[in-house]
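Colleague: To start, I am sharing the structure in question, which I have written as structure tokens.
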Amino acid sequence: MEEMEEELKCPVCGSFYREPIILPCSHNLCQACARNILVQTPESESPQSRRASGSGVSDYDYLDLDKMSLYSEADSGYGSYGGFASAPTTPCQKSPNGVRVFPPAMPPPPTHLSPALAPVPRNSCITCPQCHRSLILDDRGLRGFPKNRVLEGVIDRYQQSKAAALKCQLCEKAPKEATVMCEQCDVFYCDPCRLRCHPPRGPLAKHRLVPPAQGRVSRRLSPRKVSTCTDHELENHSMYCVQCKMPVCYQCLEEGKHSSHEVKALGAMWKLHKSQLSQALNGLSDRAKEAKEFLVQLRSMVQQIQENSVEFEACLVAQCDALIDALNRRKAQLLARVNKEHEHKLKVVRDQISHCTVKLRQTTGLMEYCLEVIKENDPSGFLQISDALIRRVHLTEDQWGKGTLTPRMTTDFDLSLDNSPLLQSIHQLDFVQVKASSPVPATPILQLEECCTHNNSATLSWKQPPLSTVAAEGYILELDDGSGGQFREVYVGKETMCTVDGLHFNSTYNARVKAFNKTGVSPYSKTLVLQTSEGCNFETQSASYSQLVDIKKLLAVAWFAFDPGSAHSDIIFSNDNLTVTCSSYDDRVVLGKTGFSKGVHYWELTIDRYDNHPDPAFGVARIDVMKDVMLGKDDKAWAMYVDNNRSWFMHNNSHTNRTEGGITKGATIGVLLDLNRKTLTFFINNEQQGPIAFENVEGLFFPAVSLNRNVQVTLHTGLPVPDFYSSRASIA
């Protein structure tokens with residue numbers, strides 16, 4: 001149970017959650033802590049003030065640098081708000097983007113409400129301290145977030161199970177043992193704190209003081225509050241909205257935003273999600289069991305390494321002592337090598353033990369927490385957190401994947417001392433391998449009939465000679481740089497076929513392959529020469545411009561589709577991988593199959609579906625771009641993200657060039673990558689959107705899109721560049 005404690009503590013105060021609320025990102029906060037980290041945005045930037053001024057901007061409008069929305073699970077918050085208010089007395093500060101940290105310097109006016117229930121200032125927003133997602137609070141303030149009753153119940157049971165002496169809750173330093181508990185205040189006091197903070201006079205004289213143990217029981221037996229609807233506070237949850245994945249009341253179904261959504265019975269969905277979480281836990285439990293057995297194996301390896309080391313050292317010393325005095329200096333050098341190998345093996349195994357122990361502790365804590373959640377009888381509270389827990393369980397199980405439970409080091413010291421050389425060869429004395437060497441594998445043969453190129457990709461196939469008797473453990477494929485430069489490794493593995501993407505268009509590459517096993521590597525195969533595509537569908541030049549160089553004749557037009565292999569798992573493909581959408585409310589990234597490093601390339605994307613004003617992003621990215629955030633959030637992508645009113649350029653989470661003009665269903669986004677001039681330009685409906693978006697772009701780039709479930713786009717490739725750009729480039 002102690003391993004679960006990290007799951008039960010607030011990330012802000014570090015203590016057990018008190019009155020926890022659930023943020024839209026599925027993370028929890030104490031209600032008081034949530035109020036302490038609120039920030040207040042400038043009045044002129046709030047959606048309410050924009051509506052009041054008659055600008056007609058929707059609730060999804062941007063602040064100057066950030067767009068935050070409470071009404072969508074999609075992450076549309078860009079950037080951070082400089083810091084959290086650490087305490088209610090923190091003076092007012094302003095961050096560089098003009099956001100004022102709440103609360104203000106002057107103390108708030110007296111109120112009979114508790115701090116957690118006091119009114120929240122207008123235009124307040126909150127940033128999750130765990131995922132840093134920011135959102136604006138509506139008129140309900142913190143009351144708009146559902147209470148996590150399940151988490152409260154788990155914390156109560158956990159604290160009761162520890163059976164430790166109850167401590168005073170008001171002692172400033174080392175808490176003393178509590179002597180009484182006030183049932184009305186719900187606070188444990190020691191004798192000095194009771195006399196100082198709870199004197200038996202005035203209104204406090206009517207409070208009932210009971211022994212701490214009795215107070216613990218009364219706390220446990222107190223009825224759990226029933227979870228109510230956040231939109232209709234007087235109504236209990238009665239159904240479950242399948243589309244929004246949240247419990248709702250009957251008023252939400254009759255007159256609220258869920259009226260047209262698919263709903264199911266609360267009890268049935270409660271049982272279904274409990275069953276799903278239980279099934280997910282079964283797989284994770286097996287992984288945890290394997291991890292425990294693996295730790296036992298690793299610990300036994302430590303002992304075995306120690307024993308083998310002692311035995312090996314004794315043998316080495318015995319051999320060296322039998323030699324003449326001239327061997328003594330060499331003996332010390334050899335012992336140093338053995339000790340180094342010994343320490344290296346121990347370090348590798350101990351590092352693996354430490355890593356596996358931490359991961360197992362986290363896994364066990366999550367398992368215990370999930371098992372406690374399953375014991376809860378609050379359907380709505382359970383359903384509020386079940387999806388997030390199921391995802392966490394599957395993710396944790398995947399982290400125990402293939403290779404994690406395999407030792408990284410053997411216990412054997414594959415060395416032996418050869419004491420047969422003559423005295424004059426003492427200084428050349430060295431270790432030799434214990435195991436006899438086997439022959440290297442034969443030279444692989446490239447299968448020319450299966451080798452080919454397509455666009456800027458090359459596929460190569462090879463095999464072992466038919467009469468070869470030495471097995472190969474793997475192969476190494478090498479290509480030059482397309483300009484006759486040095487060879488470099490592009491594939492190492494057991495497969496006998498490999499496709500290499502992202503090559504230069506209209507370039508000649510040399511390829512070769514070799515095999516390897518434990519003994520060594522084979523000679524290289526014969527070198528194969530490959531020619532990448534020169535492109536096609538070039539447009540001809542008109543007679544009036546016959547004396548000019550037509551840029552379109554210099555372009556290699558490429559056809560490509562989206563790549564399911566490198567895309568995020570939430571991306572949904574159709575139409576031969578030319579149309580994509582997403583199953584998640586969060587932004588997910590998908591790349592094109594073809595990479596570009598030379599020439600001028602243009603492609604378009606049409607907006608097939610556009611609901612609830614999301615912010616899709618279009619552009620280019622490196623192959624290792626982050627796939628679970630909006631395109632442009634990291635330094636591996638260059639993008640334009642756009643809503644229904646305007647657009648921004650973004651790279652490395654830096655937003656520039658806000659431009660009026662957005663997208664709707666049926667709109668066309670054009671992306672022009674000119675690697676000759678090292679520029680990236682965007683178009684909306686055949687009109688350039690803003691200035692040149694990015695300059696000095698060079699390297700290997702893949703077409704990229706990020707979108708959520710509210711957007712569907714279709715890719716169009718093999719297109720010429722826009723006419724005005726071609727003419728401008730020709731004249732230049």
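Letters for chains follow the order of the structure tokens (A, B, ...), residue numbers begin at 1 for each chain, and ligand numbers begin at 1 in the order shown.
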Assign secondary structure with DSSP using the backbone only, and return the residues of segment 209-377 of chain A in strand (DSSP E) as a list in words.
Modeller: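 Going through segment 209-377 of chain A, the strand (DSSP E) residues come out as Leu209, Val210, Met239, Tyr240, Cys241, Met246, Pro247, Val248, Val263, Lys264 and Ala265 of chain A.
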Colleague: Excluding segment 143-157 of chain A and its own-chain neighbours fewer than 4 positions away, which residues fall within 7 Å of it when counting only C-alpha atoms? Please give them as a list of chain:residue names.
Modeller: A:Leu8, A:Pro20, A:Ile21, A:Ile22, A:Leu23, A:Ser161, A:Thr230, A:Glu372, A:Val373, A:Glu376, A:Asp378, A:Gly381, A:Phe382
Colleague: Once you have the residues from the selection above, write them out as a short mmCIF file (atom, residue, chain, number, x, y, z; two decimals), in the first residue's frame, restricted to C-alpha atoms.
Modeller:
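Written output follows (part_16.cif):
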data_model
loop_
_atom_site.label_atom_id
_atom_site.label_comp_id
_atom_site.auth_asym_id
_atom_site.auth_seq_id
_atom_site.Cartn_x
_atom_site.Cartn_y
_atom_site.Cartn_z
CA LEU A 8 -2.65 10.09 -3.45
CA PRO A 20 -9.85 16.92 -4.87
CA ILE A 21 -11.30 18.18 -8.15
CA ILE A 22 -10.79 16.68 -11.61
CA LEU A 23 -9.38 18.93 -14.35
CA SER A 161 -4.87 1.30 7.16
CA THR A 230 -21.42 20.40 -12.50
CA GLU A 372 -8.72 0.50 -4.56
CA VAL A 373 -10.58 2.49 -7.22
CA GLU A 376 -15.51 2.12 -4.98
CA ASP A 378 -19.69 5.51 -6.79
CA GLY A 381 -16.96 9.17 -9.66
CA PHE A 382 -15.42 5.99 -11.03
#
Colleague: Which value, in Å to one decimal, gives the distance between atom CA of Asp615 of chain A and atom CA of Tyr641 of chain A?
Modeller: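 Atom-to-atom, atom CA of Asp615 of chain A and atom CA of Tyr641 of chain A are spaced 6.0 Å apart.
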Colleague: What lies within 9 Å of segment 195-203 of chain A using only C-alpha atoms, ignoring chain neighbours under 5 positions off, as a compact mmCIF listing (two decimals) with N, CA, C and O atoms, in the first residue's frame?
Modeller:
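Wrote it out as selection.txt, contents follow:
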# COMPACT_ATOMS: atom_id res chain seq x y z
N LEU A 170 -2.56 21.20 14.03
CA LEU A 170 -2.25 22.62 14.15
C LEU A 170 -0.85 22.89 14.67
O LEU A 170 -0.44 24.05 14.74
N CYS A 182 -12.55 17.66 17.43
CA CYS A 182 -13.81 18.40 17.41
C CYS A 182 -14.63 17.91 16.24
O CYS A 182 -14.20 17.99 15.08
N TYR A 189 -6.73 17.94 17.78
CA TYR A 189 -5.95 18.88 18.59
C TYR A 189 -5.13 18.12 19.63
O TYR A 189 -5.57 17.12 20.19
N CYS A 190 -3.91 18.66 19.89
CA CYS A 190 -3.21 18.27 21.12
C CYS A 190 -3.67 19.22 22.22
O CYS A 190 -4.37 20.22 21.95
Colleague: With a cut-off of 12 Å, could you pull out the residues of segment 217-335 of chain A touching segment 353-364 of chain A and give me the nearest pair of atoms for each, distance in Å to one decimal, using only C-alpha atoms, ordered by chain and ascending number, as a Markdown table?
Modeller:
| residue | atom | partner | partner_atom | distance |
| --- | --- | --- | --- | --- |
| A:Leu281 | CA | A:Thr363 | CA | 10.2 |
| A:Gly283 | CA | A:Thr363 | CA | 11.6 |
| A:Leu284 | CA | A:Thr363 | CA | 7.8 |
| A:Ser285 | CA | A:Thr364 | CA | 8.4 |
| A:Asp286 | CA | A:Thr363 | CA | 11.1 |
| A:Arg287 | CA | A:Thr363 | CA | 9.0 |
| A:Ala288 | CA | A:Leu360 | CA | 6.5 |
| A:Lys289 | CA | A:Leu360 | CA | 9.4 |
| A:Glu290 | CA | A:Leu360 | CA | 10.0 |
| A:Ala291 | CA | A:Leu360 | CA | 6.8 |
| A:Lys292 | CA | A:Leu360 | CA | 7.8 |
| A:Glu293 | CA | A:Cys356 | CA | 11.2 |
| A:Phe294 | CA | A:Cys356 | CA | 8.8 |
| A:Leu295 | CA | A:Ile353 | CA | 6.5 |
| A:Val296 | CA | A:Ile353 | CA | 9.5 |
| A:Gln297 | CA | A:Ile353 | CA | 9.9 |
| A:Leu298 | CA | A:Ile353 | CA | 6.7 |
| A:Arg299 | CA | A:Ile353 | CA | 7.8 |
| A:Ser300 | CA | A:Ile353 | CA | 11.2 |
| A:Met301 | CA | A:Ile353 | CA | 10.6 |
| A:Val302 | CA | A:Ile353 | CA | 10.0 |
Colleague: Could you state the separation of atom CA of Ser584 of chain A and atom CA of Asn645 of chain A in Å, given to one decimal place?
Modeller: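 Between these atoms lies a distance of 23.3 Å.
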Colleague: With distances taken over only C-alpha atoms, which residue among A:Gln384, A:Phe694, A:Leu680, A:Cys320 lies nearest Thr656 of chain A?
Modeller: A:Phe694
Colleague: Using Å and a single decimal, report how far atom CA of Ala617 of chain A sits from atom CA of Asp387 of chain A.
Modeller: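 Those two atoms sit 26.8 Å apart.
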Colleague: Would you kindly return, as JSON, numbers by chain, each protein, DNA or RNA residue with an atom no farther than 10 Å from any atom of segment 253-260 of chain A, considering only C-alpha atoms and excluding same-chain residues fewer than 5 positions away?
Modeller: {"A": [231, 232, 238, 239, 240, 241, 242, 243, 244, 248]}
Colleague: Give the answer as one residue: which of A:Ala458, A:Lys206, A:Gly619, A:Glu489 has the shortest atom-to-atom distance to Thr508 of chain A, using only C-alpha atoms?
Modeller: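 Checking each of A:Ala458, A:Lys206, A:Gly619, A:Glu489 against Thr508 of chain A, counting only C-alpha atoms, the winner is A:Ala458.
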Colleague: Just list the residues in segment 520-651 of chain A DSSP gives helix (DSSP H, G or I) on the backbone, as a ChimeraX atom specification.
Modeller: /A:543-545,551-554
Colleague: Hey, can you spit out that residue selection with N, CA, C and O atoms as an mmCIF file, in the first residue's frame?
Modeller:
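So selection-v7.cif came out as:
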data_model
loop_
_atom_site.group_PDB
_atom_site.id
_atom_site.type_symbol
_atom_site.label_atom_id
_atom_site.label_comp_id
_atom_site.auth_asym_id
_atom_site.auth_seq_id
_atom_site.Cartn_x
_atom_site.Cartn_y
_atom_site.Cartn_z
ATOM 1 N N ALA A 543 4.785 30.594 -75.106
ATOM 2 C CA ALA A 543 5.678 31.200 -76.092
ATOM 3 C C ALA A 543 6.139 32.588 -75.665
ATOM 4 O O ALA A 543 7.257 33.007 -75.957
ATOM 5 N N SER A 544 5.263 33.346 -74.989
ATOM 6 C CA SER A 544 5.618 34.714 -74.612
ATOM 7 C C SER A 544 6.729 34.758 -73.589
ATOM 8 O O SER A 544 7.348 35.792 -73.388
ATOM 9 N N TYR A 545 6.984 33.634 -72.892
ATOM 10 C CA TYR A 545 8.048 33.605 -71.896
ATOM 11 C C TYR A 545 9.143 32.613 -72.288
ATOM 12 O O TYR A 545 9.821 32.046 -71.450
ATOM 13 N N ILE A 551 10.539 27.762 -63.821
ATOM 14 C CA ILE A 551 10.889 27.044 -62.597
ATOM 15 C C ILE A 551 10.229 25.681 -62.551
ATOM 16 O O ILE A 551 10.741 24.734 -61.969
ATOM 17 N N LYS A 552 9.055 25.538 -63.168
ATOM 18 C CA LYS A 552 8.355 24.255 -63.104
ATOM 19 C C LYS A 552 9.133 23.160 -63.835
ATOM 20 O O LYS A 552 8.974 21.981 -63.544
ATOM 21 N N LYS A 553 9.967 23.529 -64.782
ATOM 22 C CA LYS A 553 10.762 22.514 -65.464
ATOM 23 C C LYS A 553 11.928 22.037 -64.612
ATOM 24 O O LYS A 553 12.584 21.065 -64.938
ATOM 25 N N LEU A 554 12.162 22.790 -63.519
ATOM 26 C CA LEU A 554 13.255 22.408 -62.641
ATOM 27 C C LEU A 554 12.781 21.590 -61.462
ATOM 28 O O LEU A 554 13.573 21.199 -60.621
#
Colleague: Considering only C-alpha atoms, state which residue in the set A:Met246, A:Leu383, A:Val210, A:Leu366 is at the smallest distance from Lys271 of chain A.
Modeller: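 Of the candidates, the smallest distance to Lys271 of chain A is held by A:Leu383.
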Colleague: May I ask which of the residues A:Asn696, A:Ser522, A:Gln306, A:Ser26 is the closest one to Lys678 of chain A, counting only C-alpha atoms?
Modeller: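 Selected residue with least distance to Lys678 of chain A: A:Asn696.
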